[in-house]
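Q: See final-v9.pdb below, with PDB, C-alpha atoms, pLDDT in the B column.
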```pdb
ATOM      1  CA  MET A   1       0.000   0.000   0.000  1.00 43.00           C
ATOM      2  CA  PRO A   2       1.561   3.341  -0.982  1.00 51.00           C
ATOM      3  CA  TYR A   3       1.753   6.105   1.588  1.00 54.00           C
ATOM      4  CA  ALA A   4       1.741   9.830   1.008  1.00 58.00           C
ATOM      5  CA  PHE A   5       2.678  12.537   3.443  1.00 59.00           C
ATOM      6  CA  VAL A   6       1.089  15.786   2.364  1.00 60.00           C
ATOM      7  CA  CYS A   7       1.917  19.037   4.074  1.00 58.00           C
ATOM      8  CA  HIS A   8       2.614  21.924   1.821  1.00 63.00           C
ATOM      9  CA  GLY A   9       3.462  24.628   4.328  1.00 81.00           C
ATOM     10  CA  ARG A  10       7.041  25.924   4.501  1.00 83.00           C
ATOM     11  CA  GLU A  11       6.971  25.843   8.314  1.00 85.00           C
ATOM     12  CA  LYS A  12       5.962  22.169   8.311  1.00 85.00           C
ATOM     13  CA  ILE A  13       8.579  21.269   5.706  1.00 85.00           C
ATOM     14  CA  ASN A  14      11.302  22.984   7.758  1.00 88.00           C
ATOM     15  CA  PHE A  15      10.105  21.134  10.854  1.00 90.00           C
ATOM     16  CA  LEU A  16      10.224  17.772   9.066  1.00 88.00           C
ATOM     17  CA  LEU A  17      13.630  18.452   7.517  1.00 89.00           C
ATOM     18  CA  ASN A  18      14.974  19.313  10.969  1.00 92.00           C
ATOM     19  CA  LEU A  19      13.617  16.035  12.339  1.00 92.00           C
ATOM     20  CA  LEU A  20      15.148  14.109   9.449  1.00 90.00           C
ATOM     21  CA  SER A  21      18.519  15.840   9.749  1.00 90.00           C
ATOM     22  CA  ILE A  22      19.764  13.104  12.115  1.00 94.00           C
ATOM     23  CA  CYS A  23      19.220  10.511   9.370  1.00 92.00           C
ATOM     24  CA  ASN A  24      21.608   9.946   6.508  1.00 90.00           C
ATOM     25  CA  ILE A  25      19.142  10.591   3.671  1.00 89.00           C
ATOM     26  CA  ALA A  26      20.656  10.389   0.214  1.00 90.00           C
ATOM     27  CA  PHE A  27      17.696  11.749  -1.781  1.00 88.00           C
ATOM     28  CA  TYR A  28      14.299  13.289  -1.201  1.00 87.00           C
ATOM     29  CA  HIS A  29      11.659  12.267  -3.748  1.00 84.00           C
ATOM     30  CA  THR A  30       8.886  14.861  -3.925  1.00 84.00           C
ATOM     31  CA  ASP A  31       6.407  16.377  -6.282  1.00 82.00           C
ATOM     32  CA  SER A  32       6.971  19.835  -7.736  1.00 83.00           C
ATOM     33  CA  VAL A  33       5.274  21.902  -5.033  1.00 82.00           C
ATOM     34  CA  HIS A  34       7.141  25.174  -4.509  1.00 84.00           C
ATOM     35  CA  VAL A  35       7.831  24.684  -0.778  1.00 85.00           C
ATOM     36  CA  TYR A  36      10.272  21.891  -1.564  1.00 86.00           C
ATOM     37  CA  ASP A  37      12.671  24.380  -3.165  1.00 88.00           C
ATOM     38  CA  ILE A  38      14.443  24.581   0.216  1.00 88.00           C
ATOM     39  CA  ILE A  39      15.788  21.041  -0.291  1.00 89.00           C
ATOM     40  CA  PRO A  40      19.303  21.158  -1.780  1.00 88.00           C
ATOM     41  CA  GLU A  41      19.228  20.424  -5.509  1.00 91.00           C
ATOM     42  CA  ASN A  42      21.824  17.657  -5.233  1.00 93.00           C
ATOM     43  CA  LYS A  43      19.494  15.744  -2.855  1.00 91.00           C
ATOM     44  CA  HIS A  44      16.139  16.555  -4.462  1.00 91.00           C
ATOM     45  CA  ILE A  45      14.468  14.400  -7.098  1.00 89.00           C
ATOM     46  CA  VAL A  46      11.186  15.761  -8.410  1.00 90.00           C
ATOM     47  CA  SER A  47       9.489  12.601  -9.604  1.00 85.00           C
ATOM     48  CA  LYS A  48       7.031   9.916  -8.611  1.00 76.00           C
ATOM     49  CA  LEU A  49       9.001   7.297 -10.562  1.00 77.00           C
ATOM     50  CA  HIS A  50      10.530   5.524  -7.549  1.00 69.00           C
ATOM     51  CA  THR A  51       7.819   6.037  -4.942  1.00 66.00           C
ATOM     52  CA  GLN A  52       6.650   2.436  -5.227  1.00 68.00           C
ATOM     53  CA  CYS A  53      10.162   1.294  -4.233  1.00 63.00           C
ATOM     54  CA  ILE A  54      10.337   3.358  -1.052  1.00 58.00           C
TER      55      ILE A  54
END
```
Could you take the file, read its structure, and then write that structure out as structure tokens?

A:
Amino acid sequence: MPYAFVCHGREKINFLLNLLSICNIAFYHTDSVHVYDIIPENKHIVSKLHTQCI
């Protein structure tokens, strides 16, 4: 069953990124919502291609 976490507020995204900062995350797979532009480009993949593998 696929899961989706939807919160498109910049404050919420910053909160989540701070929580995840202790993890060694190689890439973030997101959609193209503008609030995700705070994720560094070298770690950000805008695609739904691999979401079934997560």

Q: Applied to the shown file, which residues does the PyMOL selection byres ((chain A and resi 34-41) around 7) return, written as an MDAnalysis selection string?

A: chainID A and resid 8:10 32:33 42:44

Q: Hey, can you check how far CA of Ile25 in chain A sits from CA of Leu49 in chain A?

A: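 Result for CA of Ile25 in chain A versus CA of Leu49 in chain A: 17.8 Å, one decimal.
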
Q: Could you work out how far CA of Glu11 in chain A lies from CA of Phe27 in chain A, giving the answer in Å with one decimal?

A: 20.4 Å

Q: Extending 5 Å beyond the listed atoms of range 22-35 of chain A on each side, what axis-aligned box results? I want centre and edge lengths in Å to one decimal, as AutoDock Vina command-line options.

A:
```
--center_x 13.4 --center_y 17.6 --center_z 2.2 --size_x 26.3 --size_y 25.2 --size_z 29.9
```

Q: Which value, in Å to one decimal, gives the distance between CA of Tyr28 in chain A and CA of Leu16 in chain A?

A: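 Going from CA of Tyr28 in chain A over to CA of Leu16 in chain A, I get 11.9 Å.
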
Q: The residues within 12 Å of (11.7, 12.3, 5.0), using all atoms listed in the file and the coordinates of the file, should be reported as a compact mmCIF listing (two decimals) with C-alpha atoms, in the frame of the given file; which are they?

A:
```
# COMPACT_ATOMS: atom_id res chain seq x y z
CA ALA A 4 1.74 9.83 1.01
CA PHE A 5 2.68 12.54 3.44
CA VAL A 6 1.09 15.79 2.36
CA CYS A 7 1.92 19.04 4.07
CA LYS A 12 5.96 22.17 8.31
CA ILE A 13 8.58 21.27 5.71
CA ASN A 14 11.30 22.98 7.76
CA PHE A 15 10.10 21.13 10.85
CA LEU A 16 10.22 17.77 9.07
CA LEU A 17 13.63 18.45 7.52
CA ASN A 18 14.97 19.31 10.97
CA LEU A 19 13.62 16.04 12.34
CA LEU A 20 15.15 14.11 9.45
CA SER A 21 18.52 15.84 9.75
CA ILE A 22 19.76 13.10 12.12
CA CYS A 23 19.22 10.51 9.37
CA ASN A 24 21.61 9.95 6.51
CA ILE A 25 19.14 10.59 3.67
CA ALA A 26 20.66 10.39 0.21
CA PHE A 27 17.70 11.75 -1.78
CA TYR A 28 14.30 13.29 -1.20
CA HIS A 29 11.66 12.27 -3.75
CA THR A 30 8.89 14.86 -3.92
CA TYR A 36 10.27 21.89 -1.56
CA ILE A 39 15.79 21.04 -0.29
CA LYS A 43 19.49 15.74 -2.86
CA HIS A 44 16.14 16.56 -4.46
CA ILE A 54 10.34 3.36 -1.05
```
